[in-house]
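Reproduced below: final-v1.cif, with mmCIF, C-alpha atoms.
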```cif
data_coords
loop_
_atom_site.label_atom_id
_atom_site.label_comp_id
_atom_site.auth_asym_id
_atom_site.auth_seq_id
_atom_site.Cartn_x
_atom_site.Cartn_y
_atom_site.Cartn_z
CA VAL X 1 75.01 154.93 -183.57
CA LEU X 2 78.80 154.60 -183.70
CA THR X 3 79.10 158.23 -184.80
CA SER X 4 77.39 159.25 -181.53
CA LEU X 5 80.02 157.60 -179.34
CA ARG X 6 82.71 159.62 -177.64
CA LEU X 7 86.00 159.14 -179.48
CA THR X 8 88.37 160.01 -176.62
CA VAL X 9 90.03 156.91 -175.17
CA PRO X 10 89.79 156.51 -171.35
CA ALA X 11 92.99 157.23 -169.44
CA LYS X 12 93.69 153.61 -168.44
CA LEU X 13 93.37 152.34 -171.99
CA ALA X 14 95.40 155.28 -173.32
CA ALA X 15 98.20 154.35 -170.91
CA LEU X 16 98.13 150.79 -172.24
CA ALA X 17 98.32 152.13 -175.78
CA ASP X 18 101.30 154.32 -174.87
CA ALA X 19 103.11 151.28 -173.48
CA TRP X 20 102.14 149.00 -176.39
CA PRO X 21 105.39 147.96 -178.14
CA ALA X 22 105.37 148.03 -181.93
CA GLY X 23 104.78 144.59 -183.39
CA SER X 24 103.16 143.21 -180.24
CA VAL X 25 100.79 140.26 -180.65
CA PRO X 26 97.35 141.02 -179.15
CA ALA X 27 95.81 138.64 -176.64
CA SER X 28 93.29 136.28 -178.20
CA PRO X 29 89.75 137.40 -177.38
CA ARG X 30 87.62 134.93 -175.45
CA ALA X 31 84.30 134.08 -177.09
CA SER X 32 81.44 135.41 -174.99
CA ALA X 33 77.77 136.34 -175.07
CA SER X 34 75.60 138.97 -173.45
CA VAL X 35 71.84 139.49 -173.23
CA VAL X 36 70.01 142.81 -173.46
CA LEU X 37 67.02 141.80 -171.34
CA CYS X 38 64.04 144.10 -171.98
CA ARG X 39 60.50 144.70 -170.79
CA ASP X 40 57.77 147.31 -171.07
CA GLY X 41 57.68 149.48 -167.94
CA ASP X 42 55.14 152.07 -166.89
CA ALA X 43 57.06 154.80 -168.76
CA GLY X 44 58.20 152.73 -171.74
CA LEU X 45 60.96 150.33 -172.69
CA GLU X 46 63.31 149.24 -169.90
CA THR X 47 66.46 147.11 -169.86
CA TYR X 48 68.17 145.23 -167.04
CA LEU X 49 71.64 146.47 -166.09
CA LEU X 50 74.20 144.97 -163.72
CA HIS X 51 76.67 147.23 -161.88
CA ARG X 52 79.96 145.36 -161.57
CA HIS X 53 82.11 145.46 -158.45
CA ALA X 54 85.12 147.77 -158.47
CA ARG X 55 87.39 144.78 -157.73
CA MET X 56 86.64 143.02 -161.03
CA THR X 57 89.57 142.57 -163.42
CA PHE X 58 87.46 143.46 -166.47
CA ALA X 59 84.89 146.27 -166.73
CA ALA X 60 85.28 147.17 -163.06
CA SER X 61 82.54 149.51 -161.75
CA MET X 62 80.83 149.42 -165.15
CA ALA X 63 77.14 149.02 -165.93
CA VAL X 64 76.79 145.96 -168.16
CA PHE X 65 74.21 143.58 -169.54
CA PRO X 66 74.08 140.01 -168.16
CA GLY X 67 76.69 137.84 -169.85
CA GLY X 68 80.13 136.30 -169.77
CA GLY X 69 82.64 134.04 -171.44
CA LEU X 70 81.91 130.61 -172.88
CA ASP X 71 82.37 127.69 -170.50
CA PRO X 72 83.19 124.10 -171.54
CA VAL X 73 79.54 123.13 -171.00
CA ASP X 74 78.50 125.64 -173.66
CA GLN X 75 80.79 124.05 -176.23
CA THR X 76 78.66 120.89 -176.31
CA ALA X 77 75.59 122.81 -177.53
CA PRO X 78 74.72 123.23 -181.24
CA ASP X 79 75.21 127.01 -180.83
CA PRO X 80 77.77 127.61 -178.04
CA ARG X 81 77.28 131.38 -177.91
CA LEU X 82 73.52 131.05 -177.65
CA ALA X 83 73.96 128.46 -174.91
CA CYS X 84 76.34 130.81 -173.11
CA ALA X 85 73.84 133.67 -173.32
CA ILE X 86 71.08 131.53 -171.82
CA ARG X 87 73.30 130.12 -169.07
CA GLU X 88 74.79 133.47 -168.07
CA THR X 89 71.36 135.11 -167.93
CA ARG X 90 70.08 132.33 -165.71
CA GLU X 91 73.12 132.51 -163.42
CA GLU X 92 73.16 136.30 -163.12
CA THR X 93 69.45 137.16 -163.09
CA GLY X 94 67.53 133.96 -162.42
CA VAL X 95 65.67 134.38 -165.72
CA GLU X 96 65.29 131.30 -167.92
CA LEU X 97 65.24 132.11 -171.64
CA ALA X 98 64.26 129.92 -174.57
CA ALA X 99 66.74 129.75 -177.43
CA ASP X 100 64.20 131.02 -179.98
CA ALA X 101 63.52 134.09 -177.84
CA LEU X 102 67.00 135.56 -178.33
CA VAL X 103 67.51 138.01 -181.19
CA PRO X 104 71.10 138.72 -182.40
CA TRP X 105 71.67 142.44 -181.91
CA ALA X 106 75.39 143.36 -181.96
CA HIS X 107 78.91 141.91 -182.08
CA TRP X 108 81.91 143.66 -180.54
CA ILE X 109 85.56 142.74 -180.02
CA THR X 110 87.71 144.35 -177.32
CA PRO X 111 90.51 146.63 -178.62
CA GLU X 112 93.85 144.92 -179.22
CA GLN X 113 95.72 146.84 -176.51
CA GLN X 114 93.62 145.35 -173.70
CA PRO X 115 95.31 142.46 -171.86
CA ILE X 116 91.89 140.84 -171.32
CA ARG X 117 89.80 140.70 -174.47
CA TYR X 118 86.37 139.39 -175.44
CA ASP X 119 84.65 138.59 -178.71
CA THR X 120 81.05 139.17 -177.67
CA THR X 121 77.74 138.51 -179.37
CA PHE X 122 74.90 140.57 -177.89
CA TYR X 123 71.34 139.24 -178.01
CA LEU X 124 68.08 141.05 -177.33
CA ALA X 125 65.44 139.16 -175.35
CA ALA X 126 62.10 139.95 -173.74
CA LEU X 127 61.61 139.17 -170.07
CA PRO X 128 59.41 136.05 -170.18
CA ALA X 129 55.92 136.39 -168.72
CA GLY X 130 55.73 135.39 -165.07
CA GLN X 131 59.48 135.69 -164.48
CA THR X 132 61.34 138.26 -162.38
CA ALA X 133 64.93 139.38 -162.83
CA GLN X 134 67.02 139.64 -159.67
CA ASP X 135 70.70 140.15 -158.90
CA ALA X 136 72.03 136.61 -158.51
CA SER X 137 75.67 137.32 -159.36
CA SER X 138 78.63 137.64 -157.00
CA GLU X 139 80.28 139.91 -159.57
CA THR X 140 77.81 142.79 -159.19
CA ALA X 141 77.21 145.40 -156.52
CA ASP X 142 73.72 146.28 -157.73
CA ALA X 143 71.28 145.56 -160.53
CA GLY X 144 67.96 146.84 -161.77
CA TRP X 145 65.73 148.01 -164.57
CA MET X 146 66.38 151.35 -166.28
CA ARG X 147 64.97 153.15 -169.25
CA PRO X 148 67.72 153.33 -171.92
CA ASN X 149 67.53 157.12 -172.19
CA GLU X 150 67.90 157.47 -168.42
CA ALA X 151 70.97 155.21 -168.47
CA VAL X 152 72.49 157.26 -171.30
CA ASP X 153 71.79 160.52 -169.43
CA ALA X 154 73.35 159.10 -166.25
CA HIS X 155 76.45 158.09 -168.21
CA ARG X 156 76.81 161.51 -169.81
CA ALA X 157 76.45 163.14 -166.39
CA GLY X 158 79.22 160.93 -165.02
CA ARG X 159 76.96 158.96 -162.68
CA LEU X 160 77.09 155.68 -164.60
CA MET X 161 80.18 154.15 -166.19
CA MET X 162 79.87 151.89 -169.21
CA LEU X 163 81.92 150.56 -172.11
CA PRO X 164 81.24 151.60 -175.74
CA PRO X 165 79.28 148.44 -176.67
CA THR X 166 76.82 148.97 -173.81
CA LEU X 167 76.45 152.66 -174.59
CA SER X 168 75.92 152.06 -178.31
CA ILE X 169 73.14 149.56 -177.64
CA LEU X 170 71.44 151.86 -175.13
CA LEU X 171 71.64 154.77 -177.57
CA GLU X 172 69.78 152.71 -180.14
CA LEU X 173 67.18 151.46 -177.67
CA ALA X 174 66.63 155.00 -176.38
CA GLU X 175 65.01 155.84 -179.71
CA LEU X 176 62.40 153.09 -179.29
CA SER X 177 59.16 153.37 -177.38
CA SER X 178 58.35 149.76 -176.61
CA LEU X 179 59.51 146.17 -176.44
CA ALA X 180 57.54 145.42 -179.59
CA ALA X 181 59.45 148.14 -181.44
CA ALA X 182 62.78 146.71 -180.28
CA LEU X 183 61.86 143.18 -181.36
CA GLU X 184 60.67 144.48 -184.72
CA LEU X 185 63.98 146.30 -185.24
CA GLY X 186 65.80 143.08 -184.41
CA ARG X 187 63.92 141.11 -187.05
CA ASP X 188 66.16 140.39 -190.07
CA ARG X 189 68.82 142.59 -188.47
CA VAL X 190 72.25 142.49 -190.13
CA VAL X 191 74.88 142.30 -187.38
CA GLU X 192 78.39 143.47 -188.25
CA VAL X 193 81.49 143.03 -186.13
CA VAL X 194 82.82 146.17 -184.43
CA LEU X 195 86.51 146.15 -183.47
CA PRO X 196 87.50 149.63 -182.25
CA HIS X 197 91.02 150.65 -183.19
CA LEU X 198 93.08 153.13 -181.20
CA VAL X 199 94.70 155.90 -183.22
CA ARG X 200 97.16 158.48 -181.90
CA GLU X 201 96.28 162.05 -182.85
CA ALA X 202 97.73 165.39 -181.85
CA ASP X 203 95.56 165.65 -178.74
CA GLY X 204 95.93 162.02 -177.69
CA TRP X 205 94.45 158.61 -178.39
CA VAL X 206 91.03 158.30 -180.01
CA PHE X 207 88.76 155.43 -181.02
CA ARG X 208 88.25 154.78 -184.70
CA TYR X 209 85.14 152.78 -185.49
CA PRO X 210 84.39 151.00 -188.77
CA ARG X 211 81.74 152.32 -191.11
CA PRO X 212 78.99 149.87 -192.11
CA SER X 213 80.13 147.05 -194.43
CA GLU X 214 83.78 148.12 -194.24
CA GLY X 215 84.85 145.66 -191.57
CA PRO X 216 87.38 146.66 -188.85
CA ALA X 217 88.66 150.22 -188.88
CA ASP X 218 91.92 150.89 -190.71
CA GLU X 219 95.06 151.48 -188.72
#
```
Just give me the structure as structure tokens.
Amino acid sequence: VLTSLRLTVPAKLAALADAWPAGSVPASPRASASVVLCRDGDAGLETYLLHRHARMTFAASMAVFPGGGLDPVDQTAPDPRLACAIRETREETGVELAADALVPWAHWITPEQQPIRYDTTFYLAALPAGQTAQDASSETADAGWMRPNEAVDAHRAGRLMMLPPTLSILLELAELSSLAAALELGRDRVVEVVLPHLVREADGWVFRYPRPSEGPADE
């Protein structure tokens, strides 16, 4: 999936990389969690996407999955990230998830040049029977269900903005026909950390992603 991602770095991040002094200490990423909420729609697998307001300091105007940073209340739970995922989903969509319904799916860390960084665990979860997802967040302008392939097509056409972690997950889900197939793929899944590195090439800055089992990309 990582080989399918566009390598060109967005202009804002490229500008940060240009201004990044040698030897700078990156900001510490905040632990966070996000939930890829899924259901079977009339035409196949669907996932719930939030469209963040343009005024947000992080991921402004981006399509994202429900989620956010760990709060102090999460730290008292046996698994703080799992607790964060459940709380954020409830706060942003009104959906109440059980801990055993969340399947670890991905783990991404924001590039070092970003002033605001997150260390995010992504979980896959089925929409519980009898529940309805709705936009309950003040951070979003819109929200709704989309088929992963439609979201990917909208992004490629420039109609939907999203960060690499969101796109990579949607690319993988776009190959699946149903919720059952997604849950089966998540069973015994090995999740590796992805920390994109920015590398300056002749034509500008590009992302360098790690290959499986190699850990973070080399400088």
Original post:
Nearest to Gln131 in chain X: which of X:Leu167, X:Ala151, X:Leu97, X:Leu173 is it, counting only C-alpha atoms?
Top reply: X:Leu97
Show me, as a Markdown table, the residues of range 141-216 of chain X having an atom within 9 Å of range 5-22 of chain X, each with the closest atom pair and its distance in Å, using only C-alpha atoms.
```
| residue | atom | partner | partner_atom | distance |
| --- | --- | --- | --- | --- |
| X:Pro164 | CA | X:Leu5 | CA | 7.1 |
| X:Leu167 | CA | X:Leu5 | CA | 7.7 |
| X:Ser168 | CA | X:Leu5 | CA | 7.0 |
| X:Leu198 | CA | X:Ala17 | CA | 7.6 |
| X:Arg200 | CA | X:Ala17 | CA | 8.9 |
| X:Gly204 | CA | X:Thr8 | CA | 7.9 |
| X:Trp205 | CA | X:Val9 | CA | 5.7 |
| X:Val206 | CA | X:Thr8 | CA | 4.6 |
| X:Phe207 | CA | X:Leu7 | CA | 4.9 |
| X:Arg208 | CA | X:Leu7 | CA | 7.2 |
| X:Tyr209 | CA | X:Leu7 | CA | 8.8 |
```
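Among the candidate residues X:Val73, X:Ala182, X:Val25, X:Ala33, the one lying nearest to Trp108 in chain X is X:Ala33, with distances computed using all atoms listed in the file.
Nearest to Arg187 in chain X of all the residues X:Glu91, X:Leu124, X:Leu170, X:Pro72 is X:Leu124, counting all atoms listed in the file.
From CA of Leu102 in chain X back to CA of Leu183 in chain X, the distance works out to 9.7 Å.
Here CA of Asp119 in chain X is placed at a distance of 7.4 Å from CA of His107 in chain X.
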**OP:** List the residues matched by the PyMOL selection byres ((chain X and resi 88) around 9) in the displayed structure as a ChimeraX atom specification, ordered by chain and then by residue number.
**Re:** /X:33-35,66-69,83-87,89-93
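Each of X:Pro210, X:Gly158, X:Gly94, X:Pro80 was compared to Ala31 in chain X using all atoms listed in the file, and X:Pro80 turns out to be the nearest.
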**OP:** Excluding Ala180 in chain X and residues on its chain fewer than 2 positions from it, collect all residues at most 10 Å away from it, counting all atoms listed in the file, and give them as a list in words.
**Re:** Arg39, Asp40, Leu45, Ala126, Leu176, Ser177, Ser178, Ala182, Leu183, Glu184, Leu185 and Gly186 of chain X
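Remark: for Phe65 in chain X, the closest of the candidate residues X:Gly41, X:Pro165, X:Gly130, X:Pro26 is X:Pro165 (distances computed over only C-alpha atoms).
Rounded to one decimal, CA of Thr110 in chain X and CA of Val194 in chain X lie 8.8 Å from each other.
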